[in-house]
Structures are given as structure tokens and as C-alpha cells.
Amino acid sequence: MTAPTTPGPAQVRSIFTAVASRYDLMNTLMTFGLHHLWRRQTARIALQGLPRGIWVLDLGCGTGDLALALARRAPFARIVGADPVVPMLKVAQGKAGRLGLGGRFSPVAADGIALPFANATFGAVACAFVLRNTPYPPAVLREMGRVLVPGGRLAILELCRFGDSYLERAVAWYLRCVVPLLGGVVTGHRGAYAYFARSVESFPTPPGLAEWVHTAGFAQVRWRRLSPGVALVWGVWPG
């Protein structure tokens, strides 16, 4: 299976740099606040059954919402947030400080295709809406596996290509027609959110992404739909 067509890394960094200051507001508006619920569910899956005091990686952490959900869920864990977009990391660091979590959150400017961490560093690796924004998803998945300890937990939150249900067709129309207009008004960068819609449409089906995860070296890959059924979590986690 070939990777979906995406802009190059420099173009993706430019897109996210442009919207960094309004990214959180736009996420809340276009998901009707559901992205917070999805991230909390992803954090729970990523951390289930793991010991206290582990190191956890939020890959492509952006403005830090998943990293902060992980920190709240595991009060004795150390959270590393890796992202190549420095303005996003600055927003994440500011939020962590305001919430009193700055001592447990470490931002690192890094690309997922070549992480600056030793093998088997993290007890869990999680990411939210990241794989659509890299031209090399299988390589990024292999890096996730490299930095995980044996038996570590992987959790991947994503939107994916839509099927034939009325709900999914309605969401596809919403992403294609409404989200770019809203993004233009809120952030001044309509093109960034037109790209967002295209990235969802070109992404694999749930079995396709599960195949990528399995090919990257993970066993017992599964996925779970999140309410109301338009976001999914893939990965390796306890039953």
C-alpha cells in the first residue's frame, strides 16, 4: 500500500505555523468540542495497565492537548511532546505552565521520521491527527516502534477515509465544504483547512491503517471507533 499524497515536510510546517495561534479555537469549533473527548479517550487507551513513573511520548504534539490529557491521566509520568513546528510547541509549553504541568512536560523540536531518542525510551507513544500530515507514515510508525519499550503501548487517534454511511458522507461534505470556509474566517488561512479535508479523504480505511501499523512491527493491532463514530483510535493496548 502506498502512502497518501501529502505536501512535503517544509510545506506542512508552513501550514501549521500559519495557524498556530488559532489552532485550538479552530479545533474546538470544527469538532464541536469533541476533540477534547477523543484525546482523553486516547490517553486512557495509551496508559491503561502501565506502571507509574514511565516516560510517555506525544508524537506531533502540536499545541499540547493530547500531551496534557496524558499528563492528567498519569500524574507520575513524564511527558515528552515532539513536534517540528516550533510555534506550536511554544503554545503547548505555555498551556502546560498555566495548568501547573510544566515540570512534567518537555517540548522537543523533532520530526517523527528521525526521533532524537534512544531505542526503548518510552513506555507509551501516542499521537493525534499526525499520520495524515507526513508523507512517510510507515517510516514514522517504525520510529514509534523503535522508541517504545518491549510491551509498550501505542495509540493513534485519527480521522480516516469515509465509507458509505449517511453520517460519514455528511461528515465528508462538512470537511470539504464548511471547514475551509470556517478556517478562512477564524484563522485567515482557508487553504490550510482545504488541505485538512483533502488529507482525510486520501487517508486509508481503518483496515488499511491497521495494516501499516502491523507492517511496522506491532502485533495484535486493533482499532476502536470514538463517539459519534467519525474518529478512531488504532494501536496496541491491553484488552
# chains A, B, ... in the order shown; residues from 1 in each chain; ligands from 1
call {"tool": "residues_around", "arguments": {"residues": "Val12 of chain A", "least_positions_apart": "4", "cutoff": "8 Å", "atoms": "only C-alpha atoms", "output": "ChimeraX atom specification"}}
result
/A:7-8,16,133-134
call {"tool": "write_last_selection", "arguments": {"atoms": "N, CA and C atoms", "output": "JSON list (two decimals), in the first residue's frame"}}
result
[["chain", "number", "residue", "atom", "x", "y", "z"],
["A", 7, "PRO", "N", 1.64, 17.22, 1.14],
["A", 7, "PRO", "CA", 2.73, 18.17, 0.88],
["A", 7, "PRO", "C", 4.01, 17.69, 1.54],
["A", 8, "GLY", "N", 5.14, 18.25, 1.11],
["A", 8, "GLY", "CA", 6.41, 17.93, 1.72],
["A", 8, "GLY", "C", 6.50, 18.45, 3.14],
["A", 16, "PHE", "N", 1.09, 24.63, 9.41],
["A", 16, "PHE", "CA", 0.77, 24.62, 10.84],
["A", 16, "PHE", "C", 1.35, 25.84, 11.56],
["A", 133, "ASN", "N", -0.38, 13.96, 8.12],
["A", 133, "ASN", "CA", 0.43, 15.14, 7.81],
["A", 133, "ASN", "C", 1.90, 14.82, 7.59],
["A", 134, "THR", "N", 2.19, 13.58, 7.30],
["A", 134, "THR", "CA", 3.55, 13.21, 6.94],
["A", 134, "THR", "C", 3.51, 12.43, 5.63]]
call {"tool": "select_by_dssp", "arguments": {"residues": "segment 143-180 of chain A", "states": "helix (DSSP H, G or I)", "output": "list in words"}}
result
Glu143, Met144, Gly145, Arg146, Val147, Tyr166, Leu167, Glu168, Arg169, Ala170, Val171, Ala172, Trp173, Tyr174, Leu175, Arg176, Cys177, Val178, Val179 and Pro180 of chain A
call {"tool": "residues_around", "arguments": {"residues": "Gly191 of chain A", "least_positions_apart": "5", "cutoff": "9 Å", "atoms": "only C-alpha atoms", "output": "compact mmCIF listing (two decimals) with C-alpha atoms, in the first residue's frame"}}
result
# COMPACT_ATOMS: atom_id res chain seq x y z
CA ILE A 15 0.74 25.32 7.10
CA PRO A 180 -12.35 25.52 4.77
CA GLY A 183 -10.96 28.10 8.73
CA GLY A 184 -10.69 31.12 6.48
CA PHE A 196 -7.06 19.25 6.03
call {"tool": "residues_around", "arguments": {"residues": "Ile79 of chain A", "least_positions_apart": "5", "cutoff": "8 Å", "atoms": "only C-alpha atoms", "output": "PyMOL selection string"}}
result
chain A and resi 55-58+67+70-71+104-106
call {"tool": "residues_around", "arguments": {"residues": "Glu143 of chain A", "least_positions_apart": "4", "cutoff": "9 Å", "atoms": "only C-alpha atoms", "output": "PyMOL selection string"}}
result
chain A and resi 112-115+138-139+147-148+216
call {"tool": "residues_around", "arguments": {"residues": "Leu37 of chain A", "least_positions_apart": "5", "cutoff": "9 Å", "atoms": "only C-alpha atoms", "output": "list of chain:residue names"}}
result
A:Thr42, A:Leu226, A:Ser227
call {"tool": "write_last_selection", "arguments": {"atoms": "C-alpha atoms", "output": "mmCIF file, in the first residue's frame"}}
result
data_model
loop_
_atom_site.group_PDB
_atom_site.id
_atom_site.type_symbol
_atom_site.label_atom_id
_atom_site.label_comp_id
_atom_site.auth_asym_id
_atom_site.auth_seq_id
_atom_site.Cartn_x
_atom_site.Cartn_y
_atom_site.Cartn_z
ATOM 1 C CA THR A 42 -6.822 8.138 23.525
ATOM 2 C CA LEU A 226 -14.947 7.019 19.183
ATOM 3 C CA SER A 227 -18.270 8.798 19.657
#
call {"tool": "closest_residue", "arguments": {"among": "A:Ala194, A:Leu99, A:Ala69, A:Leu157", "to": "Trp173 of chain A", "atoms": "only C-alpha atoms"}}
result
A:Ala194
call {"tool": "select_by_dssp", "arguments": {"residues": "segment 5-231 of chain A", "states": "strand (DSSP E or B)", "output": "number ranges by chain"}}
result
A: 55-59, 78-83, 105-109, 122-128, 148-158, 222-226, 231
call {"tool": "write_last_selection", "arguments": {"atoms": "N, CA and C atoms", "output": "short mmCIF file (atom, residue, chain, number, x, y, z; two decimals), in the first residue's frame"}}
result
data_model
loop_
_atom_site.label_atom_id
_atom_site.label_comp_id
_atom_site.auth_asym_id
_atom_site.auth_seq_id
_atom_site.Cartn_x
_atom_site.Cartn_y
_atom_site.Cartn_z
N TRP A 55 7.96 7.15 31.09
CA TRP A 55 8.10 8.23 30.13
C TRP A 55 7.13 7.96 28.98
N VAL A 56 6.42 9.02 28.58
CA VAL A 56 5.40 8.91 27.53
C VAL A 56 5.71 9.94 26.45
N LEU A 57 5.60 9.51 25.19
CA LEU A 57 5.83 10.41 24.06
C LEU A 57 4.53 10.74 23.39
N ASP A 58 4.26 12.05 23.24
CA ASP A 58 3.19 12.54 22.37
C ASP A 58 3.87 12.99 21.08
N LEU A 59 3.76 12.19 20.04
CA LEU A 59 4.43 12.47 18.78
C LEU A 59 3.57 13.40 17.93
N ARG A 78 6.30 11.24 33.05
CA ARG A 78 6.95 12.36 32.39
C ARG A 78 6.54 12.34 30.93
N ILE A 79 6.04 13.47 30.43
CA ILE A 79 5.51 13.55 29.08
C ILE A 79 6.48 14.34 28.21
N VAL A 80 6.86 13.76 27.08
CA VAL A 80 7.67 14.45 26.08
C VAL A 80 6.77 14.74 24.88
N GLY A 81 6.75 15.99 24.45
CA GLY A 81 5.99 16.38 23.28
C GLY A 81 6.93 16.73 22.14
N ALA A 82 6.92 15.92 21.08
CA ALA A 82 7.81 16.14 19.94
C ALA A 82 7.00 16.68 18.77
N ASP A 83 7.50 17.75 18.17
CA ASP A 83 6.81 18.34 17.02
C ASP A 83 7.83 19.19 16.25
N PHE A 105 6.25 18.22 31.59
CA PHE A 105 6.10 18.26 30.14
C PHE A 105 7.37 18.84 29.52
N SER A 106 7.97 18.10 28.61
CA SER A 106 9.21 18.54 27.95
C SER A 106 8.97 18.64 26.44
N PRO A 107 8.96 19.86 25.88
CA PRO A 107 8.79 20.00 24.44
C PRO A 107 10.12 19.77 23.72
N VAL A 108 10.07 19.06 22.60
CA VAL A 108 11.26 18.76 21.81
C VAL A 108 10.94 19.02 20.35
N ALA A 109 11.71 19.88 19.70
CA ALA A 109 11.54 20.14 18.28
C ALA A 109 12.14 18.97 17.50
N PHE A 122 10.43 4.93 25.79
CA PHE A 122 9.10 5.30 26.27
C PHE A 122 8.24 4.07 26.55
N GLY A 123 7.48 4.17 27.64
CA GLY A 123 6.52 3.12 27.96
C GLY A 123 5.27 3.21 27.11
N ALA A 124 4.97 4.40 26.58
CA ALA A 124 3.82 4.58 25.71
C ALA A 124 4.13 5.67 24.69
N VAL A 125 3.60 5.50 23.50
CA VAL A 125 3.67 6.52 22.46
C VAL A 125 2.26 6.76 21.96
N ALA A 126 1.86 8.01 21.89
CA ALA A 126 0.54 8.37 21.39
C ALA A 126 0.67 9.51 20.40
N CYS A 127 -0.29 9.61 19.50
CA CYS A 127 -0.31 10.74 18.58
C CYS A 127 -1.75 11.02 18.17
N ALA A 128 -2.02 12.26 17.80
CA ALA A 128 -3.36 12.67 17.42
C ALA A 128 -3.30 13.47 16.12
N LEU A 148 9.71 2.70 21.61
CA LEU A 148 8.89 2.05 22.62
C LEU A 148 9.67 0.94 23.32
N VAL A 149 9.45 0.79 24.62
CA VAL A 149 9.99 -0.36 25.32
C VAL A 149 9.24 -1.61 24.88
N PRO A 150 9.84 -2.78 24.98
CA PRO A 150 9.11 -4.01 24.68
C PRO A 150 7.84 -4.10 25.52
N GLY A 151 6.73 -4.37 24.87
CA GLY A 151 5.46 -4.41 25.58
C GLY A 151 4.83 -3.05 25.81
N GLY A 152 5.43 -1.99 25.26
CA GLY A 152 4.87 -0.65 25.41
C GLY A 152 3.57 -0.50 24.66
N ARG A 153 2.88 0.60 24.93
CA ARG A 153 1.55 0.84 24.35
C ARG A 153 1.61 1.91 23.27
N LEU A 154 0.91 1.66 22.19
CA LEU A 154 0.79 2.59 21.07
C LEU A 154 -0.66 2.97 20.90
N ALA A 155 -0.95 4.26 20.74
CA ALA A 155 -2.32 4.71 20.49
C ALA A 155 -2.28 5.83 19.46
N ILE A 156 -3.05 5.67 18.37
CA ILE A 156 -3.06 6.61 17.25
C ILE A 156 -4.48 7.10 17.05
N LEU A 157 -4.72 8.38 17.28
CA LEU A 157 -6.02 8.99 17.06
C LEU A 157 -6.04 9.63 15.68
N GLU A 158 -7.04 9.27 14.88
CA GLU A 158 -7.11 9.83 13.53
C GLU A 158 -8.55 9.90 13.04
N ARG A 222 -5.40 -3.30 16.81
CA ARG A 222 -6.86 -3.18 16.83
C ARG A 222 -7.25 -1.72 16.66
N TRP A 223 -8.50 -1.49 16.42
CA TRP A 223 -8.98 -0.11 16.38
C TRP A 223 -10.35 -0.02 17.02
N ARG A 224 -10.68 1.19 17.44
CA ARG A 224 -11.92 1.43 18.18
C ARG A 224 -12.51 2.75 17.71
N ARG A 225 -13.80 2.73 17.36
CA ARG A 225 -14.49 3.97 17.00
C ARG A 225 -14.78 4.79 18.24
N LEU A 226 -14.64 6.10 18.10
CA LEU A 226 -14.95 7.02 19.18
C LEU A 226 -16.21 7.78 18.85
N ALA A 231 -14.22 9.49 14.43
CA ALA A 231 -12.81 9.40 14.79
C ALA A 231 -12.54 7.99 15.29
#
call {"tool": "residues_around", "arguments": {"residues": "Met26 of chain A", "least_positions_apart": "4", "cutoff": "8 Å", "atoms": "only C-alpha atoms", "output": "JSON, numbers by chain"}}
result
{"A": [22, 30, 183, 186, 187]}
call {"tool": "atom_distance", "arguments": {"atom1": "atom CA of Tyr166 of chain A", "atom2": "atom CA of Gln41 of chain A"}}
result
24.6 Å
call {"tool": "decode", "arguments": {"residues": "segment 55-178 of chain A", "atoms": "C-alpha atoms", "output": "mmCIF file, in the first residue's frame"}}
result
data_model
loop_
_atom_site.group_PDB
_atom_site.id
_atom_site.type_symbol
_atom_site.label_atom_id
_atom_site.label_comp_id
_atom_site.auth_asym_id
_atom_site.auth_seq_id
_atom_site.Cartn_x
_atom_site.Cartn_y
_atom_site.Cartn_z
ATOM 1 C CA TRP A 55 8.096 8.229 30.128
ATOM 2 C CA VAL A 56 5.404 8.914 27.531
ATOM 3 C CA LEU A 57 5.833 10.406 24.062
ATOM 4 C CA ASP A 58 3.189 12.540 22.368
ATOM 5 C CA LEU A 59 4.427 12.471 18.777
ATOM 6 C CA GLY A 60 3.401 15.510 16.751
ATOM 7 C CA CYS A 61 2.067 17.100 19.912
ATOM 8 C CA GLY A 62 1.152 20.409 18.270
ATOM 9 C CA THR A 63 -0.357 22.720 20.865
ATOM 10 C CA GLY A 64 -0.234 20.004 23.507
ATOM 11 C CA ASP A 65 -3.830 18.942 24.107
ATOM 12 C CA LEU A 66 -3.054 15.217 23.960
ATOM 13 C CA ALA A 67 0.144 15.660 25.998
ATOM 14 C CA LEU A 68 -1.829 17.456 28.704
ATOM 15 C CA ALA A 69 -4.521 14.765 28.665
ATOM 16 C CA LEU A 70 -1.768 12.179 29.154
ATOM 17 C CA ALA A 71 -0.255 14.210 32.000
ATOM 18 C CA ARG A 72 -3.592 14.471 33.776
ATOM 19 C CA ARG A 73 -4.270 10.776 33.310
ATOM 20 C CA ALA A 74 -0.845 9.715 34.613
ATOM 21 C CA PRO A 75 0.189 12.180 37.343
ATOM 22 C CA PHE A 76 3.537 10.442 37.950
ATOM 23 C CA ALA A 77 4.557 10.111 34.291
ATOM 24 C CA ARG A 78 6.955 12.363 32.392
ATOM 25 C CA ILE A 79 5.513 13.549 29.080
ATOM 26 C CA VAL A 80 7.667 14.450 26.079
ATOM 27 C CA GLY A 81 5.988 16.384 23.281
ATOM 28 C CA ALA A 82 7.805 16.141 19.940
ATOM 29 C CA ASP A 83 6.815 18.345 17.015
ATOM 30 C CA PRO A 84 8.730 20.019 14.159
ATOM 31 C CA VAL A 85 6.584 23.194 14.343
ATOM 32 C CA VAL A 86 8.203 25.384 16.993
ATOM 33 C CA PRO A 87 5.331 27.929 17.285
ATOM 34 C CA MET A 88 3.015 25.023 18.141
ATOM 35 C CA LEU A 89 5.428 23.789 20.817
ATOM 36 C CA LYS A 90 5.560 27.272 22.348
ATOM 37 C CA VAL A 91 1.766 27.265 22.666
ATOM 38 C CA ALA A 92 1.919 23.797 24.274
ATOM 39 C CA GLN A 93 4.592 24.873 26.756
ATOM 40 C CA GLY A 94 2.574 27.935 27.750
ATOM 41 C CA LYS A 95 -0.543 25.846 28.349
ATOM 42 C CA ALA A 96 1.398 23.314 30.433
ATOM 43 C CA GLY A 97 2.806 26.107 32.576
ATOM 44 C CA ARG A 98 -0.584 27.703 33.168
ATOM 45 C CA LEU A 99 -2.029 24.333 34.230
ATOM 46 C CA GLY A 100 0.847 23.612 36.607
ATOM 47 C CA LEU A 101 2.109 20.736 34.457
ATOM 48 C CA GLY A 102 5.223 22.409 33.104
ATOM 49 C CA GLY A 103 7.511 20.375 35.352
ATOM 50 C CA ARG A 104 6.350 17.131 33.746
ATOM 51 C CA PHE A 105 6.103 18.263 30.137
ATOM 52 C CA SER A 106 9.208 18.540 27.950
ATOM 53 C CA PRO A 107 8.791 20.002 24.435
ATOM 54 C CA VAL A 108 11.261 18.762 21.808
ATOM 55 C CA ALA A 109 11.536 20.139 18.276
ATOM 56 C CA ALA A 110 11.775 16.940 16.234
ATOM 57 C CA ASP A 111 10.352 15.260 13.151
ATOM 58 C CA GLY A 112 8.683 11.884 13.531
ATOM 59 C CA ILE A 113 10.753 10.299 10.793
ATOM 60 C CA ALA A 114 14.000 10.677 12.794
ATOM 61 C CA LEU A 115 13.341 10.981 16.514
ATOM 62 C CA PRO A 116 16.269 12.075 18.737
ATOM 63 C CA PHE A 117 15.615 9.395 21.345
ATOM 64 C CA ALA A 118 17.347 6.134 22.158
ATOM 65 C CA ASN A 119 15.742 2.787 21.485
ATOM 66 C CA ALA A 120 13.191 1.638 24.075
ATOM 67 C CA THR A 121 12.880 5.034 25.803
ATOM 68 C CA PHE A 122 9.101 5.298 26.270
ATOM 69 C CA GLY A 123 6.517 3.123 27.956
ATOM 70 C CA ALA A 124 3.816 4.578 25.707
ATOM 71 C CA VAL A 125 3.673 6.524 22.457
ATOM 72 C CA ALA A 126 0.538 8.373 21.392
ATOM 73 C CA CYS A 127 -0.309 10.744 18.580
ATOM 74 C CA ALA A 128 -3.365 12.672 17.421
ATOM 75 C CA PHE A 129 -4.064 13.643 13.802
ATOM 76 C CA VAL A 130 -0.408 13.243 12.836
ATOM 77 C CA LEU A 131 -0.012 10.482 10.264
ATOM 78 C CA ARG A 132 -2.116 12.317 7.685
ATOM 79 C CA ASN A 133 0.427 15.140 7.813
ATOM 80 C CA THR A 134 3.553 13.206 6.936
ATOM 81 C CA PRO A 135 4.500 11.876 3.505
ATOM 82 C CA TYR A 136 6.131 8.852 5.194
ATOM 83 C CA PRO A 137 3.619 7.261 7.607
ATOM 84 C CA PRO A 138 5.218 3.775 7.589
ATOM 85 C CA ALA A 139 8.616 5.274 8.465
ATOM 86 C CA VAL A 140 7.069 7.285 11.308
ATOM 87 C CA LEU A 141 5.361 4.160 12.620
ATOM 88 C CA ARG A 142 8.683 2.316 12.603
ATOM 89 C CA GLU A 143 10.210 5.151 14.632
ATOM 90 C CA MET A 144 7.379 4.841 17.146
ATOM 91 C CA GLY A 145 8.176 1.158 17.487
ATOM 92 C CA ARG A 146 11.896 1.833 17.873
ATOM 93 C CA VAL A 147 11.482 4.212 20.818
ATOM 94 C CA LEU A 148 8.892 2.052 22.624
ATOM 95 C CA VAL A 149 9.991 -0.358 25.325
ATOM 96 C CA PRO A 150 9.110 -4.010 24.677
ATOM 97 C CA GLY A 151 5.460 -4.408 25.577
ATOM 98 C CA GLY A 152 4.871 -0.655 25.415
ATOM 99 C CA ARG A 153 1.553 0.837 24.354
ATOM 100 C CA LEU A 154 0.793 2.594 21.072
ATOM 101 C CA ALA A 155 -2.320 4.715 20.485
ATOM 102 C CA ILE A 156 -3.057 6.612 17.253
ATOM 103 C CA LEU A 157 -6.024 8.992 17.061
ATOM 104 C CA GLU A 158 -7.114 9.830 13.526
ATOM 105 C CA LEU A 159 -9.909 10.699 11.174
ATOM 106 C CA CYS A 160 -9.875 8.439 8.142
ATOM 107 C CA ARG A 161 -11.401 7.975 4.725
ATOM 108 C CA PHE A 162 -15.177 7.835 4.924
ATOM 109 C CA GLY A 163 -17.386 4.996 3.801
ATOM 110 C CA ASP A 164 -20.977 4.821 2.633
ATOM 111 C CA SER A 165 -22.985 5.592 5.768
ATOM 112 C CA TYR A 166 -25.105 8.734 5.819
ATOM 113 C CA LEU A 167 -23.127 10.040 8.797
ATOM 114 C CA GLU A 168 -19.782 9.574 7.091
ATOM 115 C CA ARG A 169 -20.967 11.125 3.839
ATOM 116 C CA ALA A 170 -22.316 14.096 5.778
ATOM 117 C CA VAL A 171 -19.006 14.491 7.623
ATOM 118 C CA ALA A 172 -17.078 14.265 4.334
ATOM 119 C CA TRP A 173 -19.247 17.075 2.907
ATOM 120 C CA TYR A 174 -18.771 19.118 6.088
ATOM 121 C CA LEU A 175 -14.991 18.770 5.939
ATOM 122 C CA ARG A 176 -14.823 19.574 2.245
ATOM 123 C CA CYS A 177 -17.274 22.485 2.101
ATOM 124 C CA VAL A 178 -17.755 24.003 5.570
#
